[in-house]
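Notes follow once the structure below has been shown.
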Amino acid sequence: MTVQDHTHVRPWRAIDRRVSRKIRVGKVEVGGDAPITVQSMTNTLTADAAATINQIRQLEEAGADIVRVSCPDVESTTAFKTIAREAKVPLVADIHFHYKRGIEAAQAGAACLRINPGNIGSPARVKEVIQAARDHGCSMRIGVNAGSLEPHLLEKYGEPCPAAMVESALDHARILQDNDFHEFKISVKASDVFMTVAAYQQLAEAIDCPLHVGITEAGATRTGTVKSSIGMGSLLWAGIGDTIRVSLAADPVEEIKVGFDILKSLGLRHRGVNIIACPSCARQGFNVIQTVETLEKRLAHIATPMSLSIIGCVVNGPGEALMTDVGFTGGGKGAGMVYLAGKPDHKMDNEKMVDHIVELVEAKAAELAKAEQAALQAAE
């Protein structure tokens, strides 16, 4: 059950998503009432198909819904056909200036083209790319970046700003619309949180297409996570955003993890075990920090949404356990209380608690997954 399921009694948790039309990226729906999707981008050389496929596999295992792959040259689009055939998730081909790369990527199996129509040449060339996308069932993403705005917009506005980014986005969108192509989404990203949020707010009012949300070039894992959480969290809380990408100078798998954590914190989507843990203090009955670090690693394989509370003492432990599927509260004297479905169930020695909790969580995850499968079958 998600946070959104409780809004009738907790209206302060309600998030009203912006109404947008729905498009498809391969088999994945984006926009409308579809779940907010999480994506990342490979950083291998695309021409090295084996390395790229291996990284995509890692992203798939982490939960990625969509993966973007850069196609800067003909060697990349040649390899893309093999890569797309092996991928289990839809792939977005990242195209910048050469229109032929867009056509080649569409022919090679791309589910979406990340492209700015105004940057790829004459109207005739734009029409060729649009026709290729139409022929091969590709959607498009217009990707505006504050660091690469058109010269005439920089001259008009004096510097990168939200208004310039939105104008750029709408100019590119108009090209697609004039060619009767409407299967597109838009992003307006900057490394500056304020600029990004303001640009998305303005764009959300100006057009009804799905929005791809992110803070570009956010930084390394820690700082990038903080910036992304502030900016993307603000937008998502306001109902703006249909697919997200956390841009980190780190292993792309970390982007998927952070993306889901942002969505989980807002009750918008859940994947895996949500561990609620205290920061620990002198009252703790066991080493909370070490225990949580170990549990995060040992429970990383679980995709089923569920909650686990790990609290060091009885001050907040029982209250937190009321809201989680499984809980453990330190009680002193080398043991603590195990909670199941919010109720105290049995005591467990601290030395054995990690293995025991892993067993309980795995069993609960299997139970929840079985119940979900049964519900789906009944609905059919």
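By order in the structure tokens, chains are A, B, ...; within a chain, residues start at 1; ligands start at 1, following the order shown.
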Residues of stretch 197-290 of chain A within 10 Å of stretch 318-328 of chain A: nearest atom pair and distance (Å, one decimal) for each, counting only C-alpha atoms, sorted by chain and number, as a Markdown table?
| residue | atom | partner | partner_atom | distance |
| --- | --- | --- | --- | --- |
| A:Val273 | CA | A:Asp325 | CA | 9.8 |
| A:Asn274 | CA | A:Thr324 | CA | 9.1 |
| A:Ile275 | CA | A:Thr324 | CA | 9.1 |
| A:Ile276 | CA | A:Glu320 | CA | 7.9 |
| A:Ala277 | CA | A:Glu320 | CA | 9.1 |
| A:Cys278 | CA | A:Glu320 | CA | 9.8 |
Legend entry - Those in stretch 154-223 of chain A with alpha helix (DSSP H) from DSSP, as a PyMOL selection string: chain A and resi 154-157+162-178+193-206+221-223
Inset, instruction - Between A:Gly239, A:Gly143, A:Gly259, A:Gly312, single out the one closest to A:Val226, counting only C-alpha atoms. - result: A:Gly259
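Take atom CA of A:Ala108 and atom CA of A:Met140: the distance between them is 15.1 Å.
In terms of minimum interatomic distance to A:Gly336, A:Gly317 ranks closest within A:Gly32, A:Gly317, A:Gly147, A:Pro123, counting only C-alpha atoms.
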Inset, instruction - Determine which residues of stretch 188-230 of chain A DSSP labels as strand (DSSP E or B) from the backbone of this structure, then write them out as a list of chain:residue names. - result: A:Val188, A:Lys189, A:Leu211, A:His212, A:Val213
Saved selection, atoms kept: N, CA and C atoms, as a PDB file, in the first residue's frame:
ATOM      1  N   VAL A 188      13.937  20.071 -19.618  1.00  0.00           N
ATOM      2  CA  VAL A 188      14.606  21.380 -19.588  1.00  0.00           C
ATOM      3  C   VAL A 188      15.531  21.384 -18.369  1.00  0.00           C
ATOM      4  N   LYS A 189      16.736  20.888 -18.555  1.00  0.00           N
ATOM      5  CA  LYS A 189      17.635  20.654 -17.438  1.00  0.00           C
ATOM      6  C   LYS A 189      18.739  21.699 -17.322  1.00  0.00           C
ATOM      7  N   LEU A 211       6.746  15.080 -19.202  1.00  0.00           N
ATOM      8  CA  LEU A 211       7.996  15.758 -18.887  1.00  0.00           C
ATOM      9  C   LEU A 211       9.001  14.792 -18.279  1.00  0.00           C
ATOM     10  N   HIS A 212      10.196  14.816 -18.834  1.00  0.00           N
ATOM     11  CA  HIS A 212      11.343  14.058 -18.317  1.00  0.00           C
ATOM     12  C   HIS A 212      12.091  14.999 -17.382  1.00  0.00           C
ATOM     13  N   VAL A 213      12.175  14.644 -16.106  1.00  0.00           N
ATOM     14  CA  VAL A 213      12.693  15.562 -15.085  1.00  0.00           C
ATOM     15  C   VAL A 213      14.073  15.133 -14.604  1.00  0.00           C
TER      16      VAL A 213
END
Can you build me a table of stretch 112-197 of chain A residues sitting at most 12 Å from stretch 81-90 of chain A, with the closest atom pair per residue and its distance in Å to one decimal, using only C-alpha atoms, sorted by chain and residue number, as JSON lines?
{"residue": "A:Cys112", "atom": "CA", "partner": "A:Pro90", "partner_atom": "CA", "distance": 8.0}
{"residue": "A:Leu113", "atom": "CA", "partner": "A:Pro90", "partner_atom": "CA", "distance": 11.1}
{"residue": "A:Gly137", "atom": "CA", "partner": "A:Pro90", "partner_atom": "CA", "distance": 11.8}
{"residue": "A:Cys138", "atom": "CA", "partner": "A:Pro90", "partner_atom": "CA", "distance": 10.3}
{"residue": "A:Ser139", "atom": "CA", "partner": "A:Pro90", "partner_atom": "CA", "distance": 11.0}
Legend entry - Distance query A:Ser40 at most 9 Å, only C-alpha atoms, self and fewer than 6 positions along chain excluded, as a list of chain:residue names: A:Leu59, A:Ala64, A:Asp65, A:Ile66, A:Val67, A:Arg68, A:Ile244, A:Arg245, A:Val246, A:Ser247, A:Pro252, A:Val253, A:Glu255, A:Ile256
